[in-house]
Amino acid sequence: QPVAILSGSMSPTFNRGDAVVIRKLTTGEKGQLKKKDIIHYTSGSKYVAHRIVDMTNDENGNKLFITKGDHNNANDVDPVSYDQVIGKVTFSIPYIGYPAVWLSGLIS
């Protein structure tokens, strides 16, 4: 599934206006994710593609992913649960997502 990148938080790995291709993951495949993988997930009403920088567990022992945009100075505030993970970024295509960036700017 191709997804347009709307922000620069993952620069220089991929930039605003690039498109990334996401491979949807099963629950079992989510268990095989590791540090340095780039995941696509939901955060509230937003979709985010950030890198896993660490893993932890919640109070019930469920695995959580600590994520961070490559261009950001700090880790994301909220850890990511299995339920939030949609898939894993497999590769990017430069510039092809610019129409979506443009449309997003018109809608916001």
# chains A, B, ... in the order shown; residues from 1 in each chain; ligands from 1
call {"tool": "residues_around", "arguments": {"residues": "Val85 (chain A)", "least_positions_apart": "4", "cutoff": "9 Å", "atoms": "only C-alpha atoms", "output": "list in words"}}
result
Lys24, Leu25, Lys30, Ile39, His40, Tyr41, Thr42, Val80 and Ser81 of chain A
call {"tool": "select_by_dssp", "arguments": {"residues": "region 4-98 of chain A", "states": "strand (DSSP E)", "output": "VMD selection string"}}
result
chain A and resid 4 19 to 24 38 to 43 46 to 57 63 to 68 80 to 81 85 to 93
call {"tool": "residues_around", "arguments": {"residues": "Ile38 (chain A)", "least_positions_apart": "3", "cutoff": "7 Å", "atoms": "only C-alpha atoms", "output": "PyMOL selection string"}}
result
chain A and resi 49-52+88-89
call {"tool": "atom_distance", "arguments": {"atom1": "CA of Ile5 (chain A)", "atom2": "CA of His71 (chain A)"}}
result
13.5 Å
call {"tool": "atom_distance", "arguments": {"atom1": "CA of Asn57 (chain A)", "atom2": "CA of Ser7 (chain A)"}}
result
28.6 Å
call {"tool": "residues_around", "arguments": {"residues": "Thr27 (chain A)", "least_positions_apart": "5", "cutoff": "12 Å", "atoms": "only C-alpha atoms", "output": "number ranges by chain"}}
result
A: 32-33, 63, 81-87
call {"tool": "write_last_selection", "arguments": {"atoms": "all heavy atoms", "output": "compact mmCIF listing (two decimals), in the first residue's frame"}}
result
# COMPACT_ATOMS: atom_id res chain seq x y z
N GLN A 32 7.63 -9.86 15.35
CA GLN A 32 8.99 -9.99 14.82
C GLN A 32 9.64 -8.64 14.52
O GLN A 32 10.79 -8.59 14.10
CB GLN A 32 8.96 -10.84 13.54
CG GLN A 32 8.49 -12.26 13.79
CD GLN A 32 8.29 -13.04 12.51
OE1 GLN A 32 8.68 -12.61 11.43
NE2 GLN A 32 7.66 -14.19 12.62
N LEU A 33 8.90 -7.55 14.74
CA LEU A 33 9.49 -6.23 14.53
C LEU A 33 10.64 -6.01 15.50
O LEU A 33 10.63 -6.52 16.61
CB LEU A 33 8.42 -5.14 14.71
CG LEU A 33 7.37 -5.06 13.63
CD1 LEU A 33 6.22 -4.15 14.06
CD2 LEU A 33 7.97 -4.58 12.32
N LYS A 63 3.84 -5.92 24.67
CA LYS A 63 4.95 -5.21 24.04
C LYS A 63 4.49 -3.86 23.49
O LYS A 63 3.42 -3.75 22.90
CB LYS A 63 5.54 -6.04 22.91
CG LYS A 63 6.81 -5.43 22.32
CD LYS A 63 7.34 -6.21 21.13
CE LYS A 63 8.09 -7.42 21.59
NZ LYS A 63 8.78 -8.09 20.46
N SER A 81 1.33 0.59 20.47
CA SER A 81 0.92 -0.79 20.76
C SER A 81 0.74 -1.59 19.47
O SER A 81 0.66 -1.01 18.38
CB SER A 81 -0.41 -0.78 21.53
OG SER A 81 -1.46 -0.36 20.68
N TYR A 82 0.66 -2.90 19.61
CA TYR A 82 0.41 -3.78 18.45
C TYR A 82 -0.82 -3.34 17.68
O TYR A 82 -0.84 -3.36 16.46
CB TYR A 82 0.20 -5.21 18.93
CG TYR A 82 1.43 -6.06 19.06
CD1 TYR A 82 2.66 -5.52 19.37
CD2 TYR A 82 1.35 -7.43 18.90
CE1 TYR A 82 3.77 -6.31 19.52
CE2 TYR A 82 2.46 -8.24 19.03
CZ TYR A 82 3.67 -7.68 19.34
OH TYR A 82 4.77 -8.47 19.47
N ASP A 83 -1.89 -2.96 18.41
CA ASP A 83 -3.15 -2.59 17.76
C ASP A 83 -3.01 -1.37 16.87
O ASP A 83 -3.77 -1.21 15.92
CB ASP A 83 -4.23 -2.32 18.81
CG ASP A 83 -4.66 -3.58 19.54
OD1 ASP A 83 -4.38 -4.69 19.05
OD2 ASP A 83 -5.28 -3.46 20.62
N GLN A 84 -2.06 -0.51 17.18
CA GLN A 84 -1.87 0.71 16.40
C GLN A 84 -1.06 0.45 15.13
O GLN A 84 -1.14 1.23 14.18
CB GLN A 84 -1.13 1.77 17.22
CG GLN A 84 -1.92 2.31 18.38
CD GLN A 84 -1.06 3.21 19.23
OE1 GLN A 84 -0.49 2.76 20.22
NE2 GLN A 84 -0.93 4.47 18.84
N VAL A 85 -0.26 -0.60 15.11
CA VAL A 85 0.63 -0.87 13.97
C VAL A 85 -0.18 -1.37 12.79
O VAL A 85 -0.94 -2.33 12.90
CB VAL A 85 1.72 -1.89 14.35
CG1 VAL A 85 2.57 -2.23 13.13
CG2 VAL A 85 2.60 -1.36 15.47
N ILE A 86 0.01 -0.72 11.64
CA ILE A 86 -0.63 -1.13 10.40
C ILE A 86 0.33 -2.00 9.60
O ILE A 86 -0.04 -3.04 9.08
CB ILE A 86 -1.04 0.10 9.57
CG1 ILE A 86 -2.06 0.93 10.36
CG2 ILE A 86 -1.58 -0.31 8.21
CD1 ILE A 86 -2.28 2.31 9.81
N GLY A 87 1.56 -1.54 9.49
CA GLY A 87 2.52 -2.29 8.67
C GLY A 87 3.92 -1.75 8.80
O GLY A 87 4.21 -0.88 9.63
call {"tool": "atom_distance", "arguments": {"atom1": "CA of Pro12 (chain A)", "atom2": "CA of Lys46 (chain A)"}}
result
21.3 Å
call {"tool": "closest_residue", "arguments": {"among": "A:Ala19, A:Leu6, A:Val48, A:Ile66", "to": "Lys35 (chain A)", "atoms": "only C-alpha atoms"}}
result
A:Ile66
